[in-house]
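Below is my_file-v4.pdb, holding PDB, C-alpha atoms.
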ATOM      1  CA  MET A   1     -76.582 -67.924  39.617  1.00  0.00           C
ATOM      2  CA  LEU A   2     -73.328 -67.934  37.648  1.00  0.00           C
ATOM      3  CA  SER A   3     -75.118 -66.821  34.493  1.00  0.00           C
ATOM      4  CA  ASP A   4     -76.722 -63.926  36.359  1.00  0.00           C
ATOM      5  CA  LEU A   5     -73.413 -62.887  37.921  1.00  0.00           C
ATOM      6  CA  LEU A   6     -71.623 -62.972  34.584  1.00  0.00           C
ATOM      7  CA  SER A   7     -74.332 -61.088  32.701  1.00  0.00           C
ATOM      8  CA  GLY A   8     -74.408 -58.413  35.406  1.00  0.00           C
ATOM      9  CA  ALA A   9     -70.640 -58.031  35.342  1.00  0.00           C
ATOM     10  CA  LEU A  10     -70.612 -57.743  31.558  1.00  0.00           C
ATOM     11  CA  ALA A  11     -73.413 -55.159  31.632  1.00  0.00           C
ATOM     12  CA  ASP A  12     -71.466 -53.092  34.161  1.00  0.00           C
ATOM     13  CA  ALA A  13     -68.324 -53.372  32.024  1.00  0.00           C
ATOM     14  CA  SER A  14     -70.266 -52.186  28.976  1.00  0.00           C
ATOM     15  CA  GLU A  15     -71.451 -49.171  30.940  1.00  0.00           C
ATOM     16  CA  ARG A  16     -67.867 -48.329  31.940  1.00  0.00           C
ATOM     17  CA  LEU A  17     -66.841 -48.769  28.302  1.00  0.00           C
ATOM     18  CA  SER A  18     -69.281 -46.034  27.317  1.00  0.00           C
ATOM     19  CA  GLU A  19     -67.460 -43.673  29.680  1.00  0.00           C
ATOM     20  CA  ARG A  20     -63.873 -44.854  29.109  1.00  0.00           C
ATOM     21  CA  SER A  21     -62.963 -46.304  25.743  1.00  0.00           C
ATOM     22  CA  LEU A  22     -61.106 -49.532  25.140  1.00  0.00           C
ATOM     23  CA  ALA A  23     -58.262 -47.515  23.621  1.00  0.00           C
ATOM     24  CA  GLN A  24     -57.981 -45.426  26.790  1.00  0.00           C
ATOM     25  CA  VAL A  25     -58.012 -48.441  29.086  1.00  0.00           C
ATOM     26  CA  GLU A  26     -55.522 -50.305  26.904  1.00  0.00           C
ATOM     27  CA  ALA A  27     -53.164 -47.321  26.960  1.00  0.00           C
ATOM     28  CA  ASP A  28     -53.468 -47.103  30.747  1.00  0.00           C
ATOM     29  CA  ALA A  29     -52.779 -50.826  31.047  1.00  0.00           C
ATOM     30  CA  LEU A  30     -49.662 -50.645  28.907  1.00  0.00           C
ATOM     31  CA  ALA A  31     -48.403 -47.637  30.879  1.00  0.00           C
ATOM     32  CA  ARG A  32     -48.436 -49.498  34.183  1.00  0.00           C
ATOM     33  CA  PRO A  33     -45.228 -50.879  35.681  1.00  0.00           C
ATOM     34  CA  ALA A  34     -44.738 -54.558  34.936  1.00  0.00           C
ATOM     35  CA  ALA A  35     -46.974 -56.973  36.834  1.00  0.00           C
ATOM     36  CA  LEU A  36     -45.473 -58.908  39.721  1.00  0.00           C
ATOM     37  CA  ASP A  37     -44.568 -62.555  39.164  1.00  0.00           C
ATOM     38  CA  ALA A  38     -47.481 -64.316  40.812  1.00  0.00           C
ATOM     39  CA  LEU A  39     -46.288 -67.802  39.878  1.00  0.00           C
ATOM     40  CA  ALA A  40     -43.048 -67.197  41.775  1.00  0.00           C
ATOM     41  CA  ALA A  41     -44.940 -65.794  44.771  1.00  0.00           C
ATOM     42  CA  LEU A  42     -47.281 -68.793  44.902  1.00  0.00           C
ATOM     43  CA  ALA A  43     -44.829 -71.534  43.937  1.00  0.00           C
ATOM     44  CA  PRO A  44     -44.952 -74.668  46.127  1.00  0.00           C
ATOM     45  CA  ARG A  45     -43.006 -74.363  49.360  1.00  0.00           C
ATOM     46  CA  GLU A  46     -42.654 -76.274  52.600  1.00  0.00           C
ATOM     47  CA  ARG A  47     -45.525 -74.245  54.033  1.00  0.00           C
ATOM     48  CA  VAL A  48     -48.896 -73.600  52.405  1.00  0.00           C
ATOM     49  CA  ARG A  49     -49.371 -70.258  50.632  1.00  0.00           C
ATOM     50  CA  ILE A  50     -52.455 -68.130  51.363  1.00  0.00           C
ATOM     51  CA  ILE A  51     -54.326 -65.804  49.012  1.00  0.00           C
ATOM     52  CA  ALA A  52     -56.258 -63.506  51.363  1.00  0.00           C
ATOM     53  CA  GLU A  53     -59.428 -61.933  50.028  1.00  0.00           C
ATOM     54  CA  VAL A  54     -60.970 -58.484  50.407  1.00  0.00           C
ATOM     55  CA  LYS A  55     -64.648 -59.415  50.362  1.00  0.00           C
ATOM     56  CA  ARG A  56     -67.567 -57.358  51.676  1.00  0.00           C
ATOM     57  CA  SER A  57     -70.444 -59.693  50.873  1.00  0.00           C
ATOM     58  CA  SER A  58     -71.468 -62.718  48.844  1.00  0.00           C
ATOM     59  CA  PRO A  59     -74.669 -64.123  47.314  1.00  0.00           C
ATOM     60  CA  SER A  60     -74.515 -67.113  49.655  1.00  0.00           C
ATOM     61  CA  ARG A  61     -73.861 -65.280  52.931  1.00  0.00           C
ATOM     62  CA  GLY A  62     -75.010 -61.711  52.329  1.00  0.00           C
ATOM     63  CA  ALA A  63     -73.128 -58.900  54.090  1.00  0.00           C
ATOM     64  CA  LEU A  64     -69.876 -60.006  55.717  1.00  0.00           C
ATOM     65  CA  ALA A  65     -67.937 -56.852  56.600  1.00  0.00           C
ATOM     66  CA  GLU A  66     -68.111 -53.174  55.675  1.00  0.00           C
ATOM     67  CA  ILE A  67     -64.371 -52.844  54.919  1.00  0.00           C
ATOM     68  CA  PRO A  68     -64.261 -49.031  54.732  1.00  0.00           C
ATOM     69  CA  ASP A  69     -60.514 -49.159  54.064  1.00  0.00           C
ATOM     70  CA  PRO A  70     -59.601 -52.094  51.800  1.00  0.00           C
ATOM     71  CA  ALA A  71     -55.980 -50.923  51.625  1.00  0.00           C
ATOM     72  CA  ALA A  72     -55.580 -51.150  55.400  1.00  0.00           C
ATOM     73  CA  LEU A  73     -57.091 -54.642  55.415  1.00  0.00           C
ATOM     74  CA  ALA A  74     -54.728 -55.705  52.638  1.00  0.00           C
ATOM     75  CA  VAL A  75     -51.748 -54.379  54.591  1.00  0.00           C
ATOM     76  CA  SER A  76     -52.825 -56.475  57.562  1.00  0.00           C
ATOM     77  CA  TYR A  77     -53.017 -59.494  55.251  1.00  0.00           C
ATOM     78  CA  GLU A  78     -49.492 -58.899  53.985  1.00  0.00           C
ATOM     79  CA  THR A  79     -48.265 -58.350  57.549  1.00  0.00           C
ATOM     80  CA  GLY A  80     -49.888 -61.640  58.518  1.00  0.00           C
ATOM     81  CA  GLY A  81     -48.029 -63.547  55.830  1.00  0.00           C
ATOM     82  CA  ALA A  82     -50.407 -63.702  52.855  1.00  0.00           C
ATOM     83  CA  SER A  83     -48.581 -64.411  49.596  1.00  0.00           C
ATOM     84  CA  ALA A  84     -51.160 -62.581  47.461  1.00  0.00           C
ATOM     85  CA  ILE A  85     -54.291 -60.480  47.914  1.00  0.00           C
ATOM     86  CA  SER A  86     -57.573 -61.185  46.130  1.00  0.00           C
ATOM     87  CA  VAL A  87     -59.887 -58.217  45.615  1.00  0.00           C
ATOM     88  CA  LEU A  88     -63.539 -58.699  44.667  1.00  0.00           C
ATOM     89  CA  THR A  89     -64.327 -56.012  42.108  1.00  0.00           C
ATOM     90  CA  GLU A  90     -67.886 -57.154  41.317  1.00  0.00           C
ATOM     91  CA  GLY A  91     -70.300 -54.561  42.665  1.00  0.00           C
ATOM     92  CA  ARG A  92     -73.813 -55.965  42.495  1.00  0.00           C
ATOM     93  CA  LYS A  93     -73.510 -58.982  44.795  1.00  0.00           C
ATOM     94  CA  PHE A  94     -70.043 -58.618  46.337  1.00  0.00           C
ATOM     95  CA  GLY A  95     -69.903 -54.866  46.972  1.00  0.00           C
ATOM     96  CA  GLY A  96     -66.513 -54.433  45.336  1.00  0.00           C
ATOM     97  CA  SER A  97     -65.014 -52.073  42.769  1.00  0.00           C
ATOM     98  CA  LEU A  98     -61.940 -51.340  40.714  1.00  0.00           C
ATOM     99  CA  ALA A  99     -61.257 -48.520  43.172  1.00  0.00           C
ATOM    100  CA  ASP A 100     -60.774 -51.195  45.845  1.00  0.00           C
ATOM    101  CA  LEU A 101     -58.270 -52.944  43.584  1.00  0.00           C
ATOM    102  CA  GLU A 102     -56.347 -49.725  42.949  1.00  0.00           C
ATOM    103  CA  ALA A 103     -56.244 -48.898  46.652  1.00  0.00           C
ATOM    104  CA  VAL A 104     -54.951 -52.353  47.550  1.00  0.00           C
ATOM    105  CA  ARG A 105     -52.334 -52.331  44.783  1.00  0.00           C
ATOM    106  CA  SER A 106     -50.948 -49.018  46.064  1.00  0.00           C
ATOM    107  CA  ALA A 107     -50.671 -50.362  49.623  1.00  0.00           C
ATOM    108  CA  VAL A 108     -49.035 -53.802  49.338  1.00  0.00           C
ATOM    109  CA  THR A 109     -45.968 -55.359  47.744  1.00  0.00           C
ATOM    110  CA  VAL A 110     -47.394 -58.837  47.065  1.00  0.00           C
ATOM    111  CA  PRO A 111     -49.319 -59.796  43.901  1.00  0.00           C
ATOM    112  CA  VAL A 112     -52.941 -58.683  43.661  1.00  0.00           C
ATOM    113  CA  LEU A 113     -55.738 -60.679  42.018  1.00  0.00           C
ATOM    114  CA  ARG A 114     -58.753 -59.141  40.300  1.00  0.00           C
ATOM    115  CA  LYS A 115     -61.562 -61.493  41.265  1.00  0.00           C
ATOM    116  CA  ASP A 116     -64.622 -60.866  39.137  1.00  0.00           C
ATOM    117  CA  PHE A 117     -66.732 -62.439  36.440  1.00  0.00           C
ATOM    118  CA  ILE A 118     -64.507 -61.843  33.440  1.00  0.00           C
ATOM    119  CA  GLY A 119     -65.755 -62.375  29.901  1.00  0.00           C
ATOM    120  CA  LEU A 120     -64.410 -59.453  27.880  1.00  0.00           C
ATOM    121  CA  PRO A 121     -60.932 -58.262  26.877  1.00  0.00           C
ATOM    122  CA  TYR A 122     -61.970 -54.846  28.189  1.00  0.00           C
ATOM    123  CA  GLN A 123     -62.140 -56.259  31.718  1.00  0.00           C
ATOM    124  CA  VAL A 124     -58.642 -57.717  31.368  1.00  0.00           C
ATOM    125  CA  PHE A 125     -57.230 -54.355  30.294  1.00  0.00           C
ATOM    126  CA  GLU A 126     -59.104 -52.749  33.210  1.00  0.00           C
ATOM    127  CA  ALA A 127     -57.450 -55.195  35.574  1.00  0.00           C
ATOM    128  CA  ARG A 128     -53.940 -54.338  34.373  1.00  0.00           C
ATOM    129  CA  ALA A 129     -54.742 -50.599  34.273  1.00  0.00           C
ATOM    130  CA  SER A 130     -55.817 -50.847  37.923  1.00  0.00           C
ATOM    131  CA  GLY A 131     -52.628 -52.674  38.903  1.00  0.00           C
ATOM    132  CA  ALA A 132     -53.731 -56.316  38.966  1.00  0.00           C
ATOM    133  CA  ASP A 133     -51.056 -58.996  38.702  1.00  0.00           C
ATOM    134  CA  LEU A 134     -53.547 -61.851  38.431  1.00  0.00           C
ATOM    135  CA  VAL A 135     -56.998 -62.183  36.868  1.00  0.00           C
ATOM    136  CA  LEU A 136     -59.601 -64.838  37.660  1.00  0.00           C
ATOM    137  CA  LEU A 137     -61.059 -66.828  34.780  1.00  0.00           C
ATOM    138  CA  ILE A 138     -63.962 -69.161  35.591  1.00  0.00           C
ATOM    139  CA  VAL A 139     -64.068 -72.092  33.176  1.00  0.00           C
ATOM    140  CA  ALA A 140     -67.784 -72.734  33.749  1.00  0.00           C
ATOM    141  CA  ALA A 141     -68.613 -69.187  32.647  1.00  0.00           C
ATOM    142  CA  LEU A 142     -66.767 -69.223  29.336  1.00  0.00           C
ATOM    143  CA  PRO A 143     -66.788 -71.117  26.038  1.00  0.00           C
ATOM    144  CA  GLN A 144     -63.391 -72.637  25.293  1.00  0.00           C
ATOM    145  CA  HIS A 145     -62.393 -70.163  22.570  1.00  0.00           C
ATOM    146  CA  THR A 146     -63.114 -67.240  24.914  1.00  0.00           C
ATOM    147  CA  LEU A 147     -61.270 -68.895  27.789  1.00  0.00           C
ATOM    148  CA  ARG A 148     -58.251 -69.371  25.541  1.00  0.00           C
ATOM    149  CA  SER A 149     -58.268 -65.846  24.122  1.00  0.00           C
ATOM    150  CA  LEU A 150     -58.637 -64.228  27.551  1.00  0.00           C
ATOM    151  CA  HIS A 151     -55.924 -66.456  29.018  1.00  0.00           C
ATOM    152  CA  ASP A 152     -53.616 -65.487  26.153  1.00  0.00           C
ATOM    153  CA  LEU A 153     -54.357 -61.775  26.636  1.00  0.00           C
ATOM    154  CA  ILE A 154     -53.690 -61.972  30.376  1.00  0.00           C
ATOM    155  CA  THR A 155     -50.363 -63.653  29.638  1.00  0.00           C
ATOM    156  CA  GLU A 156     -49.449 -61.115  26.933  1.00  0.00           C
ATOM    157  CA  LEU A 157     -49.996 -58.301  29.427  1.00  0.00           C
ATOM    158  CA  GLY A 158     -47.548 -59.956  31.824  1.00  0.00           C
ATOM    159  CA  MET A 159     -50.186 -61.067  34.310  1.00  0.00           C
ATOM    160  CA  THR A 160     -51.124 -64.546  35.515  1.00  0.00           C
ATOM    161  CA  ALA A 161     -54.539 -66.169  35.097  1.00  0.00           C
ATOM    162  CA  LEU A 162     -56.021 -68.060  38.019  1.00  0.00           C
ATOM    163  CA  VAL A 163     -58.173 -70.525  36.102  1.00  0.00           C
ATOM    164  CA  GLU A 164     -61.003 -71.796  38.286  1.00  0.00           C
ATOM    165  CA  THR A 165     -62.564 -75.233  37.831  1.00  0.00           C
ATOM    166  CA  HIS A 166     -65.246 -77.352  39.473  1.00  0.00           C
ATOM    167  CA  SER A 167     -65.098 -80.686  37.623  1.00  0.00           C
ATOM    168  CA  ALA A 168     -62.749 -83.034  35.809  1.00  0.00           C
ATOM    169  CA  GLU A 169     -64.028 -81.756  32.467  1.00  0.00           C
ATOM    170  CA  GLU A 170     -63.382 -78.145  33.456  1.00  0.00           C
ATOM    171  CA  LEU A 171     -59.932 -79.088  34.717  1.00  0.00           C
ATOM    172  CA  THR A 172     -59.118 -80.610  31.324  1.00  0.00           C
ATOM    173  CA  ARG A 173     -60.239 -77.384  29.658  1.00  0.00           C
ATOM    174  CA  ALA A 174     -58.078 -75.284  31.995  1.00  0.00           C
ATOM    175  CA  LEU A 175     -54.994 -77.371  31.270  1.00  0.00           C
ATOM    176  CA  ASP A 176     -55.749 -77.286  27.542  1.00  0.00           C
ATOM    177  CA  VAL A 177     -55.272 -73.491  27.467  1.00  0.00           C
ATOM    178  CA  GLY A 178     -51.951 -73.785  29.280  1.00  0.00           C
ATOM    179  CA  ALA A 179     -52.991 -72.668  32.758  1.00  0.00           C
ATOM    180  CA  GLY A 180     -50.093 -72.650  35.202  1.00  0.00           C
ATOM    181  CA  LEU A 181     -52.262 -71.690  38.181  1.00  0.00           C
ATOM    182  CA  VAL A 182     -55.402 -73.789  38.576  1.00  0.00           C
ATOM    183  CA  GLY A 183     -58.071 -73.371  41.218  1.00  0.00           C
ATOM    184  CA  VAL A 184     -60.619 -75.933  42.339  1.00  0.00           C
ATOM    185  CA  ASN A 185     -63.618 -74.209  43.874  1.00  0.00           C
ATOM    186  CA  ALA A 186     -65.506 -76.235  46.459  1.00  0.00           C
ATOM    187  CA  ARG A 187     -68.526 -74.039  45.750  1.00  0.00           C
ATOM    188  CA  ASP A 188     -70.568 -74.880  42.670  1.00  0.00           C
ATOM    189  CA  LEU A 189     -71.248 -71.436  41.228  1.00  0.00           C
ATOM    190  CA  SER A 190     -74.421 -72.641  39.539  1.00  0.00           C
ATOM    191  CA  THR A 191     -76.060 -73.881  42.760  1.00  0.00           C
ATOM    192  CA  PHE A 192     -73.722 -72.380  45.416  1.00  0.00           C
ATOM    193  CA  GLU A 193     -73.546 -75.768  47.143  1.00  0.00           C
ATOM    194  CA  LEU A 194     -70.245 -76.751  48.802  1.00  0.00           C
ATOM    195  CA  ASP A 195     -68.146 -79.922  48.533  1.00  0.00           C
ATOM    196  CA  GLN A 196     -64.919 -79.590  50.510  1.00  0.00           C
ATOM    197  CA  ASN A 197     -63.704 -82.966  49.223  1.00  0.00           C
ATOM    198  CA  LEU A 198     -63.862 -81.928  45.582  1.00  0.00           C
ATOM    199  CA  PHE A 199     -60.319 -80.555  45.640  1.00  0.00           C
ATOM    200  CA  GLY A 200     -58.908 -83.873  46.791  1.00  0.00           C
ATOM    201  CA  THR A 201     -60.885 -85.679  44.113  1.00  0.00           C
ATOM    202  CA  LEU A 202     -59.397 -83.540  41.331  1.00  0.00           C
ATOM    203  CA  ALA A 203     -55.935 -82.656  42.662  1.00  0.00           C
ATOM    204  CA  GLY A 204     -54.320 -85.835  41.351  1.00  0.00           C
ATOM    205  CA  GLN A 205     -55.297 -84.841  37.811  1.00  0.00           C
ATOM    206  CA  ILE A 206     -53.341 -81.577  38.019  1.00  0.00           C
ATOM    207  CA  PRO A 207     -49.870 -82.266  36.612  1.00  0.00           C
ATOM    208  CA  SER A 208     -46.588 -81.464  38.310  1.00  0.00           C
ATOM    209  CA  GLY A 209     -45.517 -77.930  37.531  1.00  0.00           C
ATOM    210  CA  VAL A 210     -49.035 -76.523  37.738  1.00  0.00           C
ATOM    211  CA  ILE A 211     -49.760 -74.687  41.000  1.00  0.00           C
ATOM    212  CA  ARG A 212     -52.849 -76.085  42.756  1.00  0.00           C
ATOM    213  CA  VAL A 213     -55.204 -73.670  44.522  1.00  0.00           C
ATOM    214  CA  ALA A 214     -58.034 -74.756  46.827  1.00  0.00           C
ATOM    215  CA  GLU A 215     -60.906 -72.294  47.005  1.00  0.00           C
ATOM    216  CA  SER A 216     -63.910 -71.897  49.341  1.00  0.00           C
ATOM    217  CA  ALA A 217     -65.178 -73.788  52.404  1.00  0.00           C
ATOM    218  CA  VAL A 218     -62.370 -72.502  54.648  1.00  0.00           C
ATOM    219  CA  LYS A 219     -63.482 -71.571  58.151  1.00  0.00           C
ATOM    220  CA  SER A 220     -60.676 -72.900  60.320  1.00  0.00           C
ATOM    221  CA  ALA A 221     -57.047 -74.028  60.389  1.00  0.00           C
ATOM    222  CA  GLU A 222     -58.360 -77.591  60.165  1.00  0.00           C
ATOM    223  CA  ASP A 223     -59.917 -76.749  56.797  1.00  0.00           C
ATOM    224  CA  VAL A 224     -56.583 -75.388  55.547  1.00  0.00           C
ATOM    225  CA  ALA A 225     -54.851 -78.558  56.797  1.00  0.00           C
ATOM    226  CA  HIS A 226     -57.486 -80.653  55.007  1.00  0.00           C
ATOM    227  CA  TYR A 227     -56.667 -78.962  51.703  1.00  0.00           C
ATOM    228  CA  ARG A 228     -52.928 -79.082  52.307  1.00  0.00           C
ATOM    229  CA  GLN A 229     -53.050 -82.807  52.977  1.00  0.00           C
ATOM    230  CA  ALA A 230     -55.044 -83.240  49.775  1.00  0.00           C
ATOM    231  CA  GLY A 231     -52.242 -81.566  47.809  1.00  0.00           C
ATOM    232  CA  ALA A 232     -53.019 -77.848  47.787  1.00  0.00           C
ATOM    233  CA  ASP A 233     -50.061 -75.533  47.216  1.00  0.00           C
ATOM    234  CA  VAL A 234     -52.231 -72.482  47.860  1.00  0.00           C
ATOM    235  CA  VAL A 235     -55.491 -71.876  49.712  1.00  0.00           C
ATOM    236  CA  LEU A 236     -57.699 -68.884  48.912  1.00  0.00           C
ATOM    237  CA  VAL A 237     -59.492 -67.548  52.003  1.00  0.00           C
ATOM    238  CA  GLY A 238     -62.116 -64.826  52.220  1.00  0.00           C
ATOM    239  CA  GLU A 239     -64.930 -64.982  54.756  1.00  0.00           C
ATOM    240  CA  ALA A 240     -62.859 -66.369  57.625  1.00  0.00           C
ATOM    241  CA  LEU A 241     -60.489 -63.401  57.393  1.00  0.00           C
ATOM    242  CA  VAL A 242     -62.929 -60.519  56.974  1.00  0.00           C
ATOM    243  CA  THR A 243     -65.099 -61.717  59.858  1.00  0.00           C
ATOM    244  CA  GLY A 244     -62.284 -62.146  62.399  1.00  0.00           C
ATOM    245  CA  ASP A 245     -58.803 -60.941  63.335  1.00  0.00           C
ATOM    246  CA  PRO A 246     -56.979 -61.237  59.993  1.00  0.00           C
ATOM    247  CA  VAL A 247     -53.419 -61.350  61.331  1.00  0.00           C
ATOM    248  CA  ALA A 248     -54.159 -63.891  64.052  1.00  0.00           C
ATOM    249  CA  THR A 249     -56.280 -66.001  61.695  1.00  0.00           C
ATOM    250  CA  LEU A 250     -53.561 -66.001  59.029  1.00  0.00           C
ATOM    251  CA  ALA A 251     -51.007 -67.124  61.613  1.00  0.00           C
ATOM    252  CA  GLU A 252     -53.221 -70.093  62.509  1.00  0.00           C
ATOM    253  CA  PHE A 253     -53.849 -70.970  58.868  1.00  0.00           C
ATOM    254  CA  LEU A 254     -50.191 -70.752  57.845  1.00  0.00           C
ATOM    255  CA  ALA A 255     -49.230 -73.046  60.722  1.00  0.00           C
ATOM    256  CA  ALA A 256     -51.840 -75.630  59.709  1.00  0.00           C
TER     257      ALA A 256
END

Target encoding structure tokens, full file:
Amino acid sequence: MLSDLLSGALADASERLSERSLAQVEADALARPAALDALAALAPRERVRIIAEVKRSSPSRGALAEIPDPAALAVSYETGGASAISVLTEGRKFGGSLADLEAVRSAVTVPVLRKDFIGLPYQVFEARASGADLVLLIVAALPQHTLRSLHDLITELGMTALVETHSAEELTRALDVGAGLVGVNARDLSTFELDQNLFGTLAGQIPSGVIRVAESAVKSAEDVAHYRQAGADVVLVGEALVTGDPVATLAEFLAA
């Protein structure tokens, strides 16, 4: 599944490249105002931080919500107390786009994450050109030299990489490239199976000073509390917010 998602995302990026050159996208990226400081926004506090996700569908659940106005949804997330907004920009399986990212960036004041299957520098420049402050890098999808070079490029552009892991070996690789924001995804992107206890298993291996993000398997405030008790500084939430009242749900999650 992960291989298919990555190859599709790279094919779509190559198609966009044929219409908008790397030089054009790079110039647009460099012309943007400086990215927001996502590490400061997500730094450990007394209360858990939430990254709220704009997510129309997923391979595991199918259609979740139409979201005709992603900007309005993002505003409701910020109103509800989200510390950052994640925007799915993958189109084939998640129904997202860079236009969604641009709309959200123009509507909120908190950092915005481009969540996609990133494997090319072109996609990183696209992210910055569209206003992203953070970019997702999935360790399982990338050889180490590519992970390092993309992480370095994200940093050079003033953004922050959210480096996603799913095993002790992947966590070691994330730390080896200097990741300051590390995610542990309960969902295995090869099989799409869930293990909510995986975060707790790996959290102790994430050193002090690195922000710990728990991803996936969040349906209730109890799930947020579970991750918080296991050491999560931040919890990324998607489906539970787009399928319910986002402001009320965020209030419950932040109080967990």

task: Tell me which residues the PyMOL selection byres ((chain A and resi 49) around 9) grabs here, as JSON, numbers by chain.
output: {"A": [41, 42, 43, 44, 45, 47, 48, 50, 51, 81, 82, 83, 84, 232, 233, 234, 235, 236, 254]}

message: Show me, as a PyMOL selection string, the residues that have an atom within 9 Å of range 93-109 of chain A when counting all atoms listed in the file, minus same-chain residues fewer than 2 positions from it.
response: chain A and resi 5+36+54-59+62-63+69-75+78+84-91+111-114+126-127+129-132

Neighbourhood query: residues within 12 Å of (-73.5, -70.5, 42.8), file coordinates, counting all atoms listed in the file; return as a PDB file with C-alpha atoms, in the coordinates of the input.
ATOM      1  CA  MET A   1     -76.582 -67.924  39.617  1.00  0.00           C
ATOM      2  CA  LEU A   2     -73.328 -67.934  37.648  1.00  0.00           C
ATOM      3  CA  SER A   3     -75.118 -66.821  34.493  1.00  0.00           C
ATOM      4  CA  ASP A   4     -76.722 -63.926  36.359  1.00  0.00           C
ATOM      5  CA  LEU A   5     -73.413 -62.887  37.921  1.00  0.00           C
ATOM      6  CA  LEU A   6     -71.623 -62.972  34.584  1.00  0.00           C
ATOM      7  CA  SER A  58     -71.468 -62.718  48.844  1.00  0.00           C
ATOM      8  CA  PRO A  59     -74.669 -64.123  47.314  1.00  0.00           C
ATOM      9  CA  SER A  60     -74.515 -67.113  49.655  1.00  0.00           C
ATOM     10  CA  ARG A  61     -73.861 -65.280  52.931  1.00  0.00           C
ATOM     11  CA  LYS A  93     -73.510 -58.982  44.795  1.00  0.00           C
ATOM     12  CA  ALA A 140     -67.784 -72.734  33.749  1.00  0.00           C
ATOM     13  CA  ALA A 141     -68.613 -69.187  32.647  1.00  0.00           C
ATOM     14  CA  HIS A 166     -65.246 -77.352  39.473  1.00  0.00           C
ATOM     15  CA  ASN A 185     -63.618 -74.209  43.874  1.00  0.00           C
ATOM     16  CA  ALA A 186     -65.506 -76.235  46.459  1.00  0.00           C
ATOM     17  CA  ARG A 187     -68.526 -74.039  45.750  1.00  0.00           C
ATOM     18  CA  ASP A 188     -70.568 -74.880  42.670  1.00  0.00           C
ATOM     19  CA  LEU A 189     -71.248 -71.436  41.228  1.00  0.00           C
ATOM     20  CA  SER A 190     -74.421 -72.641  39.539  1.00  0.00           C
ATOM     21  CA  THR A 191     -76.060 -73.881  42.760  1.00  0.00           C
ATOM     22  CA  PHE A 192     -73.722 -72.380  45.416  1.00  0.00           C
ATOM     23  CA  GLU A 193     -73.546 -75.768  47.143  1.00  0.00           C
ATOM     24  CA  LEU A 194     -70.245 -76.751  48.802  1.00  0.00           C
ATOM     25  CA  SER A 216     -63.910 -71.897  49.341  1.00  0.00           C
TER      26      SER A 216
END

task: Please measure the separation of CA of Ala203 in chain A and CA of Ala256 in chain A, giving the value in Å to one decimal.
output: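 About the pair CA of Ala203 in chain A and CA of Ala256 in chain A: they are 18.9 Å apart.
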
task: Just the residues within 8 Å of Ala240 in chain A, please, counting all atoms listed in the file, with nothing from its chain fewer than 2 positions along; format it as a list in words.
output: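 Everything that qualifies: Val218, Lys219, Ser220, Val237, Gly238, Val242, Thr243, Gly244 and Thr249 of chain A.
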
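Interatomic distance, CA of Glu222 in chain A to CA of Gln196 in chain A: 11.8 Å.
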
- prompt: Mind pulling up the distance from CA of Arg16 in chain A to CA of Leu153 in chain A?
  reply: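 These two atoms are separated by 19.8 Å.
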